[in-house]
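Asks: Hey, dropping target_28.tsv in here, TSV, C-alpha atoms and all ligand atoms:
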chain	number	residue	atom	x	y	z
A	1	MET	CA	92.22	93.11	95.95
A	2	ARG	CA	92.85	90.80	98.86
A	3	ARG	CA	95.74	93.06	99.78
A	4	TYR	CA	93.38	95.80	100.90
A	5	PHE	CA	92.60	93.83	103.96
A	6	LEU	CA	96.17	94.11	105.05
A	7	ILE	CA	95.92	97.12	107.29
A	8	LEU	CA	98.61	97.57	109.84
A	9	LEU	CA	98.32	99.33	113.12
A	10	ALA	CA	101.22	101.09	114.70
A	11	ILE	CA	101.40	102.72	118.08
A	12	PHE	CA	103.76	105.49	119.03
A	13	THR	CA	104.15	106.85	122.48
A	14	VAL	CA	105.89	109.74	124.05
A	15	GLY	CA	107.34	109.63	127.47
A	16	ILE	CA	109.17	111.79	129.90
A	17	VAL	CA	111.86	110.39	132.12
A	18	SER	CA	112.83	111.42	135.61
A	19	GLN	CA	116.54	111.08	134.80
A	20	PRO	CA	118.56	111.58	131.65
A	21	VAL	CA	118.44	108.60	129.33
A	22	LEU	CA	121.59	106.57	129.75
A	23	ALA	CA	122.74	104.11	127.12
A	24	ASP	CA	121.05	103.78	123.78
A	25	ASP	CA	121.40	101.00	121.27
A	26	GLY	CA	121.41	103.48	118.41
A	27	SER	CA	118.35	101.94	116.88
A	28	SER	CA	116.41	104.32	114.70
A	29	LEU	CA	113.09	102.60	115.37
A	30	PRO	CA	111.02	103.99	118.21
A	31	THR	CA	111.16	101.57	121.10
A	32	ASN	CA	107.42	101.41	121.38
A	33	TYR	CA	106.91	100.59	117.73
A	34	PHE	CA	105.05	97.35	117.28
A	35	SER	CA	102.42	95.78	115.18
A	36	GLN	CA	99.10	95.15	116.75
A	37	ASP	CA	98.79	92.08	118.95
A	38	ALA	CA	96.23	89.55	117.84
A	39	GLU	CA	94.49	89.67	121.21
A	40	ASP	CA	94.01	93.40	121.06
A	41	ASN	CA	92.05	93.92	117.88
A	42	SER	CA	89.39	96.04	119.52
A	43	THR	CA	91.21	99.14	118.32
A	44	SER	CA	91.38	97.96	114.73
A	45	ASP	CA	87.83	97.86	113.49
A	46	PHE	CA	88.54	99.64	110.24
A	47	SER	CA	86.92	97.79	107.40
A	48	PHE	CA	86.74	97.97	103.65
A	49	ASN	CA	83.43	96.12	103.57
A	50	ASP	CA	81.67	99.41	103.08
A	51	PRO	CA	80.64	99.33	99.39
A	52	ASN	CA	80.97	103.11	99.18
A	53	GLN	CA	84.61	102.80	99.99
A	54	THR	CA	86.68	102.19	96.92
A	55	PRO	CA	90.27	102.68	97.98
A	56	SER	CA	92.74	103.79	95.36
A	57	THR	CA	95.56	101.46	94.40
A	58	LYS	CA	97.83	104.36	93.57
A	59	LYS	CA	100.97	104.25	95.61
A	60	LEU	CA	101.78	107.44	97.46
A	61	ALA	CA	105.33	108.72	97.06
A	62	ILE	CA	107.30	109.04	100.28
A	63	PRO	CA	110.36	111.31	100.11
A	64	ARG	CA	113.75	110.21	101.38
A	65	ASP	CA	116.16	111.97	103.70
A	66	THR	CA	113.81	114.44	105.32
A	67	PRO	CA	115.21	116.40	108.31
A	68	THR	CA	112.73	114.65	110.62
A	69	PRO	CA	112.35	110.90	109.97
A	70	LEU	CA	109.15	109.70	108.32
A	71	GLU	CA	107.07	106.66	109.11
A	72	GLY	CA	106.60	105.93	105.38
A	73	VAL	CA	102.88	106.66	105.29
A	74	ARG	CA	100.72	109.73	104.64
A	75	TRP	CA	97.16	110.84	104.03
A	76	ARG	CA	96.09	110.82	100.40
A	77	LYS	CA	94.39	114.21	100.69
A	78	LYS	CA	95.92	117.35	102.08
A	79	THR	CA	92.74	118.29	103.92
A	80	ILE	CA	92.58	116.11	107.00
A	81	ARG	CA	89.60	115.98	109.33
A	82	ILE	CA	89.93	115.71	113.08
A	83	TYR	CA	87.29	114.95	115.71
A	84	MET	CA	87.52	116.01	119.35
A	85	ARG	CA	86.56	112.99	121.43
A	86	THR	CA	88.03	114.19	124.71
A	87	THR	CA	85.97	116.45	126.94
A	88	ASP	CA	88.92	117.37	129.15
A	89	LEU	CA	89.38	121.14	128.94
A	90	HIS	CA	93.18	121.08	129.22
A	91	LEU	CA	93.50	118.47	126.52
A	92	LYS	CA	91.00	120.17	124.23
A	93	ASN	CA	93.04	123.34	124.42
A	94	ALA	CA	96.23	121.39	123.77
A	95	PHE	CA	94.80	119.68	120.68
A	96	ARG	CA	93.27	122.92	119.36
A	97	ASN	CA	96.55	124.75	119.77
A	98	ALA	CA	98.49	121.90	118.16
A	99	VAL	CA	96.15	121.88	115.13
A	100	LYS	CA	96.72	125.63	114.70
A	101	LYS	CA	100.48	125.12	114.87
A	102	TRP	CA	100.44	122.34	112.27
A	103	ASN	CA	98.19	124.35	109.96
A	104	LYS	CA	100.81	127.11	109.95
A	105	VAL	CA	103.02	124.73	108.00
A	106	LYS	CA	100.62	125.28	105.04
A	107	ALA	CA	101.39	121.94	103.36
A	108	ILE	CA	98.28	120.40	104.91
A	109	LYS	CA	95.00	121.69	106.34
A	110	ILE	CA	93.61	120.03	109.45
A	111	LYS	CA	89.92	120.79	109.85
A	112	TRP	CA	87.73	120.11	112.86
A	113	THR	CA	84.64	118.01	112.22
A	114	LYS	CA	81.68	117.28	114.50
A	115	ASP	CA	81.09	113.97	112.75
A	116	GLU	CA	83.33	111.29	114.22
A	117	ASP	CA	82.63	108.97	111.28
A	118	LYS	CA	84.07	111.49	108.84
A	119	ALA	CA	87.20	112.08	110.87
A	120	ASN	CA	90.64	110.93	109.81
A	121	ILE	CA	92.18	111.74	113.17
A	122	ILE	CA	90.55	111.28	116.57
A	123	ALA	CA	91.74	113.51	119.42
A	124	ALA	CA	91.15	111.43	122.52
A	125	ASP	CA	92.17	110.98	126.13
A	126	GLY	CA	93.11	107.85	127.97
A	127	ASP	CA	94.93	106.40	130.92
A	128	LEU	CA	98.36	105.52	129.58
A	129	SER	CA	99.89	104.55	132.90
A	130	ALA	CA	99.95	100.93	131.74
A	131	ASN	CA	102.49	102.02	129.13
A	132	SER	CA	104.97	102.81	131.86
A	133	SER	CA	108.00	100.64	131.68
A	134	THR	CA	111.13	100.18	133.71
A	135	ASN	CA	114.43	100.21	131.85
A	136	ASN	CA	116.32	97.00	132.39
A	137	GLY	CA	118.87	97.32	135.12
A	138	VAL	CA	118.38	101.05	135.53
A	139	GLY	CA	115.15	101.18	137.45
A	140	TYR	CA	113.59	104.49	136.64
A	141	GLN	CA	110.10	104.89	135.36
A	142	THR	CA	109.00	106.15	131.99
A	143	ALA	CA	105.64	107.80	132.42
A	144	GLN	CA	103.70	107.97	129.20
A	145	LEU	CA	102.01	111.20	128.28
A	146	GLY	CA	100.66	110.53	124.84
A	147	GLU	CA	100.13	107.83	122.27
A	148	THR	CA	99.10	107.69	118.63
A	149	LYS	CA	97.72	104.64	116.90
A	150	THR	CA	97.71	104.61	113.12
A	151	GLU	CA	96.08	102.29	110.63
A	152	TYR	CA	97.46	102.29	107.11
A	153	ASN	CA	97.81	100.29	103.95
A	154	PRO	CA	101.46	99.23	103.62
A	155	ASP	CA	101.07	98.67	99.87
A	156	THR	CA	99.93	102.18	99.03
A	157	HIS	CA	101.52	103.94	102.05
A	158	GLU	CA	98.13	105.49	102.71
A	159	LEU	CA	97.01	106.38	106.22
A	160	HIS	CA	93.40	105.38	106.95
A	161	LYS	CA	92.94	106.38	110.55
A	162	ALA	CA	94.90	107.87	113.41
A	163	THR	CA	93.93	108.15	117.05
A	164	SER	CA	95.99	110.48	119.21
A	165	ILE	CA	95.56	110.00	122.93
A	166	LEU	CA	96.78	112.28	125.70
A	167	ASP	CA	96.77	111.19	129.34
A	168	PRO	CA	94.93	113.84	131.42
A	169	TYR	CA	96.29	112.50	134.71
A	170	GLN	CA	99.90	112.88	133.63
A	171	LEU	CA	99.41	116.18	131.84
A	172	ASP	CA	97.36	117.94	134.50
A	173	TYR	CA	100.58	118.67	136.34
A	174	THR	CA	102.21	120.35	133.37
A	175	ASN	CA	101.69	123.77	131.79
A	176	PRO	CA	99.57	124.60	128.70
A	177	ASN	CA	102.63	125.14	126.55
A	178	PHE	CA	104.04	121.72	127.37
A	179	ARG	CA	100.64	120.07	126.84
A	180	SER	CA	100.45	121.68	123.41
A	181	GLU	CA	103.93	120.39	122.56
A	182	VAL	CA	102.92	116.85	123.49
A	183	ALA	CA	99.77	117.25	121.32
A	184	GLN	CA	101.94	118.59	118.46
A	185	HIS	CA	104.15	115.50	118.83
A	186	GLU	CA	101.18	113.13	118.71
A	187	LEU	CA	99.63	114.90	115.71
A	188	GLY	CA	103.07	114.71	114.08
A	189	HIS	CA	102.71	110.91	114.24
A	190	ALA	CA	99.16	111.22	112.93
A	191	LEU	CA	100.54	113.10	109.89
A	192	GLY	CA	103.29	110.56	109.15
A	193	LEU	CA	106.32	111.68	111.15
A	194	ALA	CA	108.42	109.16	113.05
A	195	HIS	CA	110.58	109.71	116.11
A	196	ALA	CA	113.63	111.91	115.70
A	197	PRO	CA	116.95	111.13	117.42
A	198	GLU	CA	117.50	112.91	120.75
A	199	TYR	CA	120.10	115.28	119.29
A	200	GLU	CA	117.76	116.59	116.58
A	201	HIS	CA	115.86	119.84	116.92
A	202	SER	CA	112.40	118.39	116.48
A	203	VAL	CA	109.06	118.03	118.21
A	204	MET	CA	109.36	114.35	117.35
A	205	VAL	CA	112.11	113.56	119.86
A	206	SER	CA	110.50	110.79	121.88
A	207	ARG	CA	111.59	111.70	125.39
A	208	ASN	CA	111.99	114.93	127.25
A	209	ILE	CA	110.04	117.06	124.81
A	210	ARG	CA	111.48	120.56	124.97
A	211	THR	CA	110.27	122.18	121.77
A	212	GLY	CA	107.21	122.56	119.60
A	213	ILE	CA	107.20	122.13	115.81
A	214	THR	CA	110.59	123.17	114.40
A	215	LYS	CA	111.88	124.17	110.98
A	216	ASN	CA	112.98	120.55	110.47
A	217	ASP	CA	109.47	119.30	111.17
A	218	ARG	CA	107.89	121.90	108.88
A	219	LYS	CA	110.27	121.03	106.06
A	220	SER	CA	109.58	117.31	106.48
A	221	ILE	CA	105.81	117.73	106.30
A	222	GLN	CA	106.17	120.01	103.26
A	223	LEU	CA	108.28	117.37	101.49
A	224	LEU	CA	105.87	114.60	102.46
A	225	TYR	CA	102.75	116.41	101.18
A	226	GLN	CA	104.17	118.47	98.31
B	301	ZN	ZN	106.03	109.62	119.84
For the structure just supplied, provide its representation as structure tokens.
Replies:
Amino acid sequence: MRRYFLILLAIFTVGIVSQPVLADDGSSLPTNYFSQDAEDNSTSDFSFNDPNQTPSTKKLAIPRDTPTPLEGVRWRKKTIRIYMRTTDLHLKNAFRNAVKKWNKVKAIKIKWTKDEDKANIIAADGDLSANSSTNNGVGYQTAQLGETKTEYNPDTHELHKATSILDPYQLDYTNPNFRSEVAQHELGHALGLAHAPEYEHSVMVSRNIRTGITKNDRKSIQLLYQ
């Protein structure tokens, strides 16, 4: 049972670049993928000490070769609860619209809850400017628009919590459609999708988002939750 305490935290971000991306190392892992640093455990306060919480040991099946890559984790139930923590009007609209778009996929049902404690996903805002990074030797900035942190059990592949954050300062200058696409991308992470390669037609392309949820993304979520 000791293994239940092994909860990993992953963070995914989405950025937009001022110039086309130049070289790529061909790595399939998102560049911002990392396990939680020991010094930053404030975001990982999930605990199994609650006696009412009896997590299942049943391993969740993760399909292979989906059109959009998967992170290898999913929610156990197909009804997923989301709580609106942000009060920013633009971002609220973006999250609401993104939830509607994901619910059209039918494989899962994302429901709004007013009880943060009962939520699986938190829709939040935050200043992500610290995520900005300069590419080595190239010198242009990557401004971060959104970020999703997930906590999951690597043994059962079960997601336990996801927090999707949009940066209001970055997104204020964009249009509602684009804001919704960034929210769709972040909720895609919250549902178990990983970054898609730049050439794919997917909302999960990590830079220069130019589409909402595509057929590939729908198919992938259907396979993951079937
Ligand atoms: Zn991302």
Asks: Taking only C-alpha atoms and all ligand atoms into account, report as number ranges by chain which residues have an atom no farther than 7 Å from an atom of ligand ZN 301 (chain B).
Replies: A: 12-14, 147, 185-186, 189, 195, 204, 206
Asks: Work out how far apart atom CA of Phe95 of chain A and atom CA of Arg64 of chain A are and give it in Å to one decimal.
Replies: 28.7 Å
Asks: For Asn216 of chain A, which residue out of A:Asp125, A:Arg76, A:Ala10, A:Pro67 is the nearest one, using only C-alpha atoms?
Replies: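 Smallest distance to Asn216 of chain A is found for A:Pro67.
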Asks: Could you jot down the atom CA of Trp112 of chain A to atom CA of Ile82 of chain A separation for me, Å, one decimal place?
Replies: 4.9 Å
Asks: With only C-alpha atoms as the basis for distance, which of A:Ala196, A:Asp155, A:Ala94, A:Ile213 is at the shortest distance from Lys59 of chain A?
Replies: A:Asp155
Asks: Considering all atoms listed in the file, return as a list in words whatever protein or nucleic-acid residues lie within 7 Å of Ile221 of chain A, sequence-local ones (same chain, fewer than 4 positions apart) excluded.
Replies: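 Here the answer would be Ala107, Asp217 and Tyr225 of chain A.
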Asks: Rounded to one decimal, what separation in Å do you get between atom CA of Lys77 of chain A and atom CA of Lys219 of chain A?
Replies: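 Value for the atom CA of Lys77 of chain A-atom CA of Lys219 of chain A distance: 18.1 Å.
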Asks: Would you please work out which residue, of A:Thr57, A:Asn175, A:Asn120, A:Thr156, is nearest to Leu191 of chain A when using only C-alpha atoms?
Replies: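 Of all the options, A:Asn120 lies closest to Leu191 of chain A.
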Asks: Neighbours of segment 88-92 of chain A within 10 Å (only C-alpha atoms; same-chain residues fewer than 2 positions away dropped), as a PyMOL selection string?
Replies: chain A and resi 84-86+94-98+123-125+165-168+171-172+174-176+179-180+183
Asks: My list of candidates is A:Ile11, A:Asn93, A:Tyr169, A:Lys118. Which is closest to Lys149 of chain A when distances are computed with all atoms listed in the file?
Replies: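 Of A:Ile11, A:Asn93, A:Tyr169, A:Lys118, the one nearest Lys149 of chain A is A:Ile11, counting all atoms listed in the file.
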Asks: Of the candidates A:Gly192, A:Glu198, A:Arg218, A:Leu159, which shows the shortest atom-to-atom distance to Ser56 of chain A, using only C-alpha atoms?
Replies: A:Leu159
Asks: Starting from the incomplete input, reconstruct N, CA, C and O atoms of segment 64-76 of chain A and report them as a compact mmCIF listing (two decimals), in the frame of the given file.
Replies:
# COMPACT_ATOMS: atom_id res chain seq x y z
N ARG A 64 112.64 110.73 100.59
CA ARG A 64 113.75 110.21 101.38
C ARG A 64 114.50 111.36 102.05
O ARG A 64 114.42 112.49 101.60
N ASP A 65 115.23 111.02 103.07
CA ASP A 65 116.16 111.97 103.70
C ASP A 65 115.54 113.29 104.12
O ASP A 65 116.06 114.37 103.84
N THR A 66 114.40 113.23 104.77
CA THR A 66 113.81 114.44 105.32
C THR A 66 114.51 114.76 106.64
O THR A 66 115.06 113.87 107.28
N PRO A 67 114.52 116.04 107.05
CA PRO A 67 115.21 116.40 108.31
C PRO A 67 114.65 115.64 109.52
O PRO A 67 115.42 115.23 110.39
N THR A 68 113.34 115.47 109.57
CA THR A 68 112.73 114.65 110.62
C THR A 68 112.33 113.33 109.97
O THR A 68 111.75 113.34 108.88
N PRO A 69 112.66 112.20 110.60
CA PRO A 69 112.35 110.90 109.97
C PRO A 69 110.85 110.71 109.71
O PRO A 69 110.01 111.23 110.46
N LEU A 70 110.54 109.97 108.67
CA LEU A 70 109.15 109.70 108.32
C LEU A 70 108.81 108.25 108.63
O LEU A 70 109.69 107.38 108.62
N GLU A 71 107.53 108.01 108.85
CA GLU A 71 107.07 106.66 109.11
C GLU A 71 106.88 105.88 107.80
O GLU A 71 106.81 104.67 107.80
N GLY A 72 106.79 106.61 106.67
CA GLY A 72 106.60 105.93 105.38
C GLY A 72 105.14 105.86 104.97
O GLY A 72 104.80 105.11 104.05
N VAL A 73 104.30 106.61 105.64
CA VAL A 73 102.88 106.66 105.29
C VAL A 73 102.40 108.11 105.33
O VAL A 73 103.03 108.96 105.97
N ARG A 74 101.31 108.38 104.62
CA ARG A 74 100.72 109.73 104.64
C ARG A 74 99.25 109.64 104.27
O ARG A 74 98.78 108.61 103.80
N TRP A 75 98.55 110.74 104.48
CA TRP A 75 97.16 110.84 104.03
C TRP A 75 97.16 111.10 102.53
O TRP A 75 98.06 111.79 102.02
N ARG A 76 96.15 110.58 101.85
CA ARG A 76 96.09 110.82 100.40
C ARG A 76 95.75 112.28 100.12
O ARG A 76 96.31 112.90 99.24
